[in-house]
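See below for coords-v1.csv, which holds CSV, C-alpha atoms.
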chain,number,residue,atom,x,y,z
U,1,MET,CA,26.4,95.9,48.4
U,2,ARG,CA,29.3,96.8,50.7
U,3,TYR,CA,28.4,93.9,53.0
U,4,LEU,CA,28.1,91.5,50.0
U,5,LEU,CA,31.5,92.6,48.6
U,6,ARG,CA,33.2,92.3,52.0
U,7,ARG,CA,31.8,88.8,52.4
U,8,LEU,CA,32.9,87.8,48.9
U,9,MET,CA,36.4,89.1,49.6
U,10,LEU,CA,36.6,87.0,52.7
U,11,LEU,CA,35.3,83.9,50.8
U,12,PRO,CA,38.7,82.4,50.0
U,13,VAL,CA,39.8,82.5,53.7
U,14,PRO,CA,37.8,79.5,55.0
U,15,LEU,CA,38.5,77.6,51.7
U,16,ILE,CA,42.2,78.0,52.2
U,17,PHE,CA,42.0,76.7,55.8
U,18,VAL,CA,40.0,73.7,54.6
U,19,ILE,CA,42.3,73.0,51.7
U,20,GLY,CA,45.4,73.4,54.0
U,21,PHE,CA,43.9,70.9,56.4
U,22,VAL,CA,43.3,68.5,53.6
U,23,PHE,CA,46.8,69.0,52.3
U,24,VAL,CA,48.3,68.1,55.8
U,25,VAL,CA,46.0,65.1,56.3
U,26,LEU,CA,46.9,63.7,52.8
U,27,ARG,CA,50.6,64.1,53.5
U,28,LEU,CA,50.2,62.3,56.8
U,29,THR,CA,48.3,59.3,55.3
U,30,GLY,CA,51.1,58.2,53.0
U,31,ASP,CA,53.4,59.0,50.1
U,32,PRO,CA,51.3,60.1,47.1
U,33,VAL,CA,53.9,58.6,44.8
U,34,ALA,CA,53.3,55.1,46.3
U,35,ILE,CA,49.6,55.6,46.0
U,36,TYR,CA,49.7,56.6,42.3
U,37,LEU,CA,52.3,54.1,41.1
U,38,GLY,CA,51.8,51.2,43.4
U,39,LEU,CA,54.5,49.0,45.0
U,40,ASP,CA,55.9,47.7,41.7
U,41,ALA,CA,57.2,51.1,40.5
U,42,THR,CA,60.9,51.5,39.7
U,43,PRO,CA,63.0,54.2,41.4
U,44,GLU,CA,63.3,56.0,38.1
U,45,GLN,CA,59.5,56.2,37.8
U,46,GLU,CA,59.1,57.4,41.4
U,47,ALA,CA,61.7,60.1,40.8
U,48,VAL,CA,60.0,61.4,37.7
U,49,LEU,CA,56.5,61.5,39.4
U,50,ARG,CA,58.0,63.1,42.5
U,51,ALA,CA,59.4,65.9,40.4
U,52,ASP,CA,56.1,66.3,38.5
U,53,LEU,CA,54.2,66.6,41.8
U,54,HIS,CA,56.9,68.9,43.3
U,55,LEU,CA,57.3,66.5,46.2
U,56,ASP,CA,61.1,67.1,46.1
U,57,GLU,CA,60.5,70.7,47.2
U,58,PRO,CA,60.0,71.9,50.8
U,59,VAL,CA,56.6,71.6,52.3
U,60,PRO,CA,55.6,75.3,52.0
U,61,VAL,CA,56.6,75.3,48.4
U,62,GLN,CA,54.6,72.1,47.8
U,63,PHE,CA,51.5,73.8,49.4
U,64,GLY,CA,52.1,76.9,47.1
U,65,TYR,CA,52.1,74.7,44.0
U,66,PHE,CA,49.0,72.9,45.5
U,67,LEU,CA,47.1,76.1,45.8
U,68,LEU,CA,48.2,77.3,42.4
U,69,ASP,CA,46.8,74.1,40.8
U,70,LEU,CA,43.5,74.6,42.6
U,71,VAL,CA,43.2,78.2,41.4
U,72,ARG,CA,43.6,76.9,37.9
U,73,GLY,CA,41.0,74.3,38.5
U,74,ASP,CA,43.5,71.4,38.3
U,75,PHE,CA,42.7,68.9,41.0
U,76,GLY,CA,44.6,66.1,39.2
U,77,THR,CA,43.5,62.9,37.5
U,78,SER,CA,41.4,60.3,39.4
U,79,ILE,CA,43.1,57.0,40.0
U,80,GLN,CA,39.8,55.1,39.7
U,81,PHE,CA,38.2,56.8,36.8
U,82,LYS,CA,41.3,57.9,34.8
U,83,ARG,CA,39.6,61.3,34.3
U,84,ARG,CA,39.9,64.8,35.7
U,85,ALA,CA,38.8,64.7,39.3
U,86,MET,CA,36.6,67.8,39.2
U,87,GLU,CA,34.7,66.5,36.2
U,88,VAL,CA,33.8,63.3,38.1
U,89,VAL,CA,32.8,65.3,41.2
U,90,ARG,CA,30.7,67.7,39.1
U,91,GLU,CA,28.8,64.8,37.6
U,92,ARG,CA,27.7,63.7,41.1
U,93,LEU,CA,27.1,67.1,42.5
U,94,GLY,CA,23.6,67.4,41.0
U,95,SER,CA,22.4,64.3,42.8
U,96,THR,CA,23.7,65.5,46.1
U,97,LEU,CA,22.2,69.0,45.8
U,98,GLN,CA,18.8,67.4,44.8
U,99,LEU,CA,18.9,65.2,48.0
U,100,LEU,CA,20.0,68.1,50.2
U,101,ALA,CA,17.4,70.5,48.9
U,102,LEU,CA,14.5,68.1,49.4
U,103,GLY,CA,15.7,66.9,52.8
U,104,LEU,CA,16.2,70.5,54.0
U,105,LEU,CA,12.8,71.5,52.6
U,106,VAL,CA,11.0,68.7,54.4
U,107,ALA,CA,12.9,69.3,57.6
U,108,VAL,CA,12.1,73.0,57.6
U,109,VAL,CA,8.4,72.5,56.8
U,110,LEU,CA,7.9,69.8,59.4
U,111,GLY,CA,10.1,71.6,62.0
U,112,VAL,CA,8.2,74.9,61.6
U,113,LEU,CA,4.8,73.2,61.8
U,114,GLY,CA,5.8,71.0,64.7
U,115,GLY,CA,7.3,73.9,66.6
U,116,VAL,CA,4.2,76.1,66.1
U,117,ALA,CA,1.9,73.3,67.2
U,118,SER,CA,4.0,72.6,70.2
U,119,ALA,CA,4.0,76.3,71.2
U,120,VAL,CA,0.3,76.7,70.6
U,121,TRP,CA,-0.6,73.7,72.8
U,122,LYS,CA,2.1,74.5,75.3
U,123,ASP,CA,2.1,72.1,78.4
U,124,ARG,CA,-0.6,70.0,76.8
U,125,VAL,CA,-0.6,66.5,75.3
U,126,PRO,CA,0.4,67.6,71.7
U,127,ASP,CA,3.3,69.6,73.2
U,128,PHE,CA,4.5,66.6,75.2
U,129,VAL,CA,4.2,64.2,72.2
U,130,ILE,CA,6.0,66.5,69.8
U,131,SER,CA,8.8,67.3,72.3
U,132,VAL,CA,9.3,63.6,73.0
U,133,LEU,CA,9.5,62.8,69.3
U,134,ALA,CA,11.9,65.7,68.7
U,135,VAL,CA,14.3,64.5,71.5
U,136,ALA,CA,14.0,60.9,70.2
U,137,GLY,CA,14.7,62.0,66.7
U,138,GLN,CA,17.7,64.1,67.8
U,139,SER,CA,19.2,61.0,69.6
U,140,MET,CA,18.6,58.6,66.7
U,141,PRO,CA,21.7,57.8,64.5
U,142,SER,CA,20.8,58.4,60.8
U,143,PHE,CA,22.5,55.2,59.6
U,144,TRP,CA,20.4,53.2,62.0
U,145,LEU,CA,17.2,54.9,60.9
U,146,GLY,CA,18.1,54.3,57.3
U,147,ILE,CA,18.6,50.6,57.9
U,148,LEU,CA,15.2,50.4,59.7
U,149,LEU,CA,13.4,52.2,56.9
U,150,ILE,CA,14.9,49.8,54.3
U,151,GLN,CA,14.0,46.8,56.4
U,152,LEU,CA,10.3,48.0,56.9
U,153,PHE,CA,9.3,49.7,53.6
U,154,ALA,CA,11.6,48.0,51.1
U,155,LEU,CA,12.1,44.5,52.4
U,156,GLU,CA,9.0,43.8,54.5
U,157,LEU,CA,6.3,45.8,52.8
U,158,GLN,CA,8.1,46.1,49.4
U,159,TRP,CA,6.6,49.6,48.8
U,160,LEU,CA,9.8,51.3,47.9
U,161,PRO,CA,13.2,50.4,46.4
U,162,THR,CA,16.1,49.6,48.7
U,163,SER,CA,18.7,51.8,46.9
U,164,GLY,CA,19.9,53.6,43.8
U,165,LYS,CA,18.5,56.6,41.9
U,166,GLY,CA,15.5,56.5,39.6
U,167,GLY,CA,12.0,57.9,39.9
U,168,TRP,CA,10.5,59.7,42.9
U,169,GLU,CA,10.1,56.4,44.8
U,170,HIS,CA,13.9,56.1,45.0
U,171,MET,CA,14.1,59.5,46.9
U,172,VAL,CA,11.5,58.8,49.6
U,173,LEU,CA,13.6,56.9,52.0
U,174,PRO,CA,16.8,58.9,51.6
U,175,VAL,CA,14.9,62.2,52.0
U,176,ILE,CA,13.1,60.9,55.1
U,177,THR,CA,16.4,59.7,56.6
U,178,LEU,CA,18.1,63.0,56.0
U,179,ALA,CA,15.1,65.2,57.1
U,180,THR,CA,14.7,63.2,60.4
U,181,PHE,CA,18.3,64.1,61.1
U,182,LEU,CA,17.4,67.8,61.2
U,183,VAL,CA,13.7,68.1,62.1
U,184,PRO,CA,14.2,68.0,65.9
U,185,ASN,CA,16.4,71.1,66.0
U,186,PHE,CA,14.0,73.1,63.9
U,187,ILE,CA,11.0,72.0,66.1
U,188,LEU,CA,12.8,73.0,69.4
U,189,VAL,CA,14.1,76.3,68.0
U,190,MET,CA,10.7,77.3,66.5
U,191,ARG,CA,8.9,76.4,69.7
U,192,VAL,CA,11.1,78.6,71.8
U,193,SER,CA,11.0,81.4,69.3
U,194,VAL,CA,7.2,81.4,69.1
U,195,LEU,CA,6.8,81.4,72.8
U,196,GLU,CA,9.3,84.3,73.2
U,197,VAL,CA,7.6,86.5,70.5
U,198,ALA,CA,4.2,85.8,71.9
U,199,ARG,CA,5.2,87.6,75.1
U,200,GLU,CA,6.3,90.7,73.2
U,201,GLN,CA,4.5,94.0,73.8
U,202,PHE,CA,3.3,94.4,70.2
U,203,VAL,CA,1.6,91.0,70.3
U,204,VAL,CA,-0.1,91.9,73.6
U,205,THR,CA,-1.3,95.2,72.0
U,206,ALA,CA,-2.6,93.4,68.9
U,207,ARG,CA,-4.6,91.0,71.1
U,208,ALA,CA,-5.9,93.9,73.2
U,209,ARG,CA,-7.1,95.6,70.0
U,210,GLY,CA,-9.2,92.6,69.0
U,211,ALA,CA,-6.9,90.3,67.0
U,212,GLY,CA,-7.9,86.7,67.5
U,213,PRO,CA,-5.4,83.9,68.3
U,214,ALA,CA,-5.0,82.8,64.7
U,215,ARG,CA,-4.6,86.3,63.3
U,216,ALA,CA,-2.1,87.2,66.0
U,217,LEU,CA,-0.2,84.0,65.2
U,218,TRP,CA,0.0,84.4,61.4
U,219,LEU,CA,0.3,88.1,61.1
U,220,HIS,CA,2.3,89.1,64.2
U,221,ILE,CA,4.1,86.1,65.8
U,222,LEU,CA,5.3,84.0,62.9
U,223,PRO,CA,6.9,86.8,60.8
U,224,ASN,CA,9.0,87.7,63.8
U,225,ALA,CA,9.7,84.2,65.0
U,226,ILE,CA,10.9,82.7,61.8
U,227,ASN,CA,14.3,84.5,61.8
U,228,PRO,CA,16.0,82.0,64.3
U,229,VAL,CA,15.0,79.2,61.9
U,230,VAL,CA,16.7,80.9,59.0
U,231,SER,CA,19.8,81.3,61.2
U,232,LEU,CA,19.6,77.6,62.1
U,233,ILE,CA,19.6,76.6,58.4
U,234,GLY,CA,23.1,78.2,58.0
U,235,LEU,CA,24.3,76.5,61.2
U,236,GLN,CA,22.9,73.1,60.1
U,237,LEU,CA,24.5,73.0,56.6
U,238,GLY,CA,27.6,71.3,57.9
U,239,ARG,CA,25.6,68.6,59.7
U,240,LEU,CA,23.4,68.3,56.6
U,241,MET,CA,26.4,67.6,54.4
U,242,GLY,CA,27.7,65.0,56.9
U,243,GLY,CA,24.3,63.4,57.0
U,244,ALA,CA,24.2,63.3,53.2
U,245,VAL,CA,27.5,61.3,53.2
U,246,VAL,CA,26.0,58.7,55.5
U,247,THR,CA,22.6,58.7,53.7
U,248,GLU,CA,24.2,58.3,50.3
U,249,SER,CA,26.3,55.4,51.5
U,250,ILE,CA,23.3,53.6,53.0
U,251,PHE,CA,21.0,54.0,50.0
U,252,ALA,CA,23.7,53.8,47.3
U,253,TRP,CA,22.8,57.3,46.1
U,254,PRO,CA,25.2,58.4,43.4
U,255,GLY,CA,26.3,61.7,45.0
U,256,VAL,CA,29.4,63.4,46.1
U,257,GLY,CA,29.2,61.9,49.6
U,258,ARG,CA,29.3,58.3,48.4
U,259,LEU,CA,32.0,59.2,45.9
U,260,MET,CA,34.1,60.7,48.6
U,261,VAL,CA,33.8,57.6,50.9
U,262,SER,CA,34.7,55.4,47.9
U,263,ALA,CA,37.7,57.6,47.1
U,264,ILE,CA,38.9,57.5,50.7
U,265,PHE,CA,39.0,53.7,50.7
U,266,GLN,CA,40.6,53.6,47.2
U,267,ARG,CA,43.2,56.3,48.3
U,268,ASP,CA,42.0,58.4,45.3
U,269,VAL,CA,43.6,61.6,46.5
U,270,PRO,CA,42.4,63.9,43.6
U,271,ILE,CA,38.8,62.9,44.1
U,272,VAL,CA,39.0,63.5,47.8
U,273,VAL,CA,40.5,67.0,47.4
U,274,ALA,CA,38.0,68.0,44.7
U,275,ALA,CA,35.0,66.6,46.7
U,276,VAL,CA,36.1,68.4,49.9
U,277,PHE,CA,36.6,71.6,48.0
U,278,ILE,CA,33.1,71.5,46.5
U,279,VAL,CA,31.5,70.6,49.8
U,280,ALA,CA,33.3,73.5,51.6
U,281,LEU,CA,32.5,76.0,48.8
U,282,THR,CA,28.8,74.9,48.9
U,283,ILE,CA,28.6,75.4,52.7
U,284,VAL,CA,30.3,78.9,52.5
U,285,LEU,CA,28.1,80.1,49.7
U,286,ALA,CA,24.9,78.8,51.3
U,287,ASN,CA,25.8,80.6,54.6
U,288,LEU,CA,26.3,83.8,52.6
U,289,VAL,CA,22.8,83.3,51.0
U,290,VAL,CA,21.3,82.7,54.5
U,291,ASP,CA,22.8,85.9,55.9
U,292,LEU,CA,21.4,87.9,53.0
U,293,VAL,CA,18.0,86.3,53.4
U,294,GLN,CA,18.1,87.2,57.1
U,295,ALA,CA,18.8,90.8,56.3
U,296,ALA,CA,16.0,90.8,53.7
U,297,ILE,CA,13.3,89.5,56.1
U,298,ASP,CA,14.4,91.4,59.2
U,299,PRO,CA,15.0,95.1,58.9
U,300,ARG,CA,16.6,95.2,62.4
U,301,ILE,CA,19.6,93.3,61.1
U,302,ARG,CA,20.2,95.9,58.4
U,303,LEU,CA,20.0,98.7,61.0
U,304,ARG,CA,22.6,97.0,63.2
Take the structure in this file and express it as structure tokens.
Amino acid sequence: MRYLLRRLMLLPVPLIFVIGFVFVVLRLTGDPVAIYLGLDATPEQEAVLRADLHLDEPVPVQFGYFLLDLVRGDFGTSIQFKRRAMEVVRERLGSTLQLLALGLLVAVVLGVLGGVASAVWKDRVPDFVISVLAVAGQSMPSFWLGILLIQLFALELQWLPTSGKGGWEHMVLPVITLATFLVPNFILVMRVSVLEVAREQFVVTARARGAGPARALWLHILPNAINPVVSLIGLQLGRLMGGAVVTESIFAWPGVGRLMVSAIFQRDVPIVVAAVFIVALTIVLANLVVDLVQAAIDPRIRLR
């Protein structure tokens, strides 16, 4: 509980840094008044809006008002949708979390199975094939893979839809694209972890006492080799969110990533701020959960 409370107290720190970075970038990209009112606004209209947005104050004071609005949950009104920005982002968040959860689940399952198979058949043909595929997958841009999948399965074979959100068939190509982005790392980490644990003394002792290869693998090696994979999940969350932005754009998936890209092109500042805040909060909370899961499955972490 002390650890959890300490982490929760530190939770606002990375969020403030992220929001501060967004604040600086938005100020560098142009005058918010010109973005809101357009080029046909009168000087009187600009002066009124500038006072409402506190843009006539010094920059530190502007940032203070900016943080105060965020604490109250006020991210402004979307220029495109004419609604509260956070409401628009919340409507898209469910679709993004659905895509991320399925993509991460597929990546972890395939990565663990591939890493175990590669370690079991070390220096043999399956190990070579899996390692080559992992390196190739790690080098493959997700946008290129997504386009290839659309070309093959949607246009040529006509098995799956090209884009949009609907039934399970609409999720197949986006989930495969997102999972392929992460599977290679899980395979390589799991392979190394299994090989390292297999050389530990307690595994050698279990084999000497009559445990077969399968029993030693499932009861002794895997429970101790899975912890680096759990750690990798926390490290990969940022890449996962970045991959989701690309994947949603390719497959026209109605999520936060696609909304953010559209808002950037439309200069919809409130949507950009709300989306970045939600993404940062999701990553921070997910890393906290990963740390707690690690402590739950590995008593050595609690002892340290």
Need to verify the contact set: region 232-243 of chain U, 7 Å, only C-alpha atoms, exclusion of same-chain residues closer than 4 positions in sequence. Can you return it as a list of chain:residue names?
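Skipping anything fewer than 4 positions along the chain leaves U:Leu178, U:Pro228, U:Thr247, U:Ile283, U:Ala286, U:Asn287, U:Val290.
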Which one is closest to Pro60 (chain U): U:Phe17, U:Phe265, U:Phe23, U:Trp253? Count only C-alpha atoms.
U:Phe23
Separation of CA of Leu173 (chain U) from CA of Leu149 (chain U), in Å and rounded to one decimal
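According to the coordinates, CA of Leu173 (chain U) and CA of Leu149 (chain U) are separated by 6.8 Å.
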Local residues around (3.5, 73.8, 70.0), at most 10 Å away, using only C-alpha atoms, as a PyMOL selection string:
chain U and resi 112-131+187-188+190-192+194-195
Per residue of region 217-274 of chain U within 7 Å of region 86-94 of chain U, record the nearest atom pair and its distance in Å to one decimal, counting only C-alpha atoms, with rows in chain order and ascending residue number, as JSON lines.
{"residue": "U:Pro254", "atom": "CA", "partner": "U:Arg92", "partner_atom": "CA", "distance": 6.3}
{"residue": "U:Gly255", "atom": "CA", "partner": "U:Arg92", "partner_atom": "CA", "distance": 4.6}
{"residue": "U:Val256", "atom": "CA", "partner": "U:Arg92", "partner_atom": "CA", "distance": 5.3}
{"residue": "U:Ala274", "atom": "CA", "partner": "U:Met86", "partner_atom": "CA", "distance": 5.7}
Distance query Glu248 (chain U) at most 10 Å, all atoms listed in the file, self and fewer than 6 positions along chain excluded, as a PyMOL selection string:
chain U and resi 95-96+99+143+163-164+174+178+254-259+261
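Distances to Gln138 (chain U) were evaluated for U:Phe181, U:Tyr3, U:Trp159, U:Tyr65 using all atoms listed in the file, and the minimum falls at U:Phe181.
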Provide the CA of Val108 (chain U) to CA of Thr177 (chain U) distance in Å, to one decimal place.
14.0 Å
Select, from U:Ile16, U:Ile221, U:Met260, U:Val183, the residue with the minimum atom-to-atom distance to Glu200 (chain U), counting only C-alpha atoms.
U:Ile221
Å distance separating CA of Ala154 (chain U) from CA of Ile264 (chain U), one decimal place
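CA of Ile264 (chain U) lies at a distance of 28.9 Å from CA of Ala154 (chain U).
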When you look at Ala216 (chain U) with a cut-off of 10 Å (counting all atoms listed in the file), what residues show up, excluding the ones that are within fewer than 2 positions of it in the same chain? I need them as a list in words.
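Those residues are Ala198, Phe202, Val203, Val204, Ala206, Arg207, Gly210, Ala211, Gly212, Pro213, Ala214, Trp218, Leu219, His220, Ile221 and Leu222 of chain U.
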Which polymer residues, protein or nucleic acid, are no farther than 8 Å from (10.6, 63.6, 55.5), counting all atoms listed in the file, as a list in words?
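Residues satisfying the cut-off, written out: Gly103, Val106, Ala107, Leu110, Val172, Val175, Ile176, Thr177, Leu178, Ala179 and Thr180 of chain U.
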Which residues, written as a list in words, have at least one atom at most 10 Å from region 55-59 of chain U, with all atoms listed in the file counted and residues fewer than 4 positions away on the same chain left out?
Val24, Arg27, Asp31, Pro32, Val33, Ala47, Leu49, Arg50, Ala51, Phe63, Gly64 and Tyr65 of chain U
Kindly indicate which residue among U:Val230, U:Leu292, U:Met1, U:Ala244 lies nearest to Leu102 (chain U), using all atoms listed in the file for the distances.
U:Ala244
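When the distance limit is 12 Å and all atoms listed in the file are what count, the residues near Phe75 (chain U), minus those fewer than 5 positions from it on the same chain, are Ile19, Leu53, Tyr65, Phe66, Leu67, Leu68, Asp69, Leu70, Arg83, Arg84, Ala85, Met86, Glu87, Val88, Val89, Asp268, Val269, Pro270, Ile271, Val272, Val273, Ala274, Ala275, Val276, Phe277 and Ile278 of chain U.
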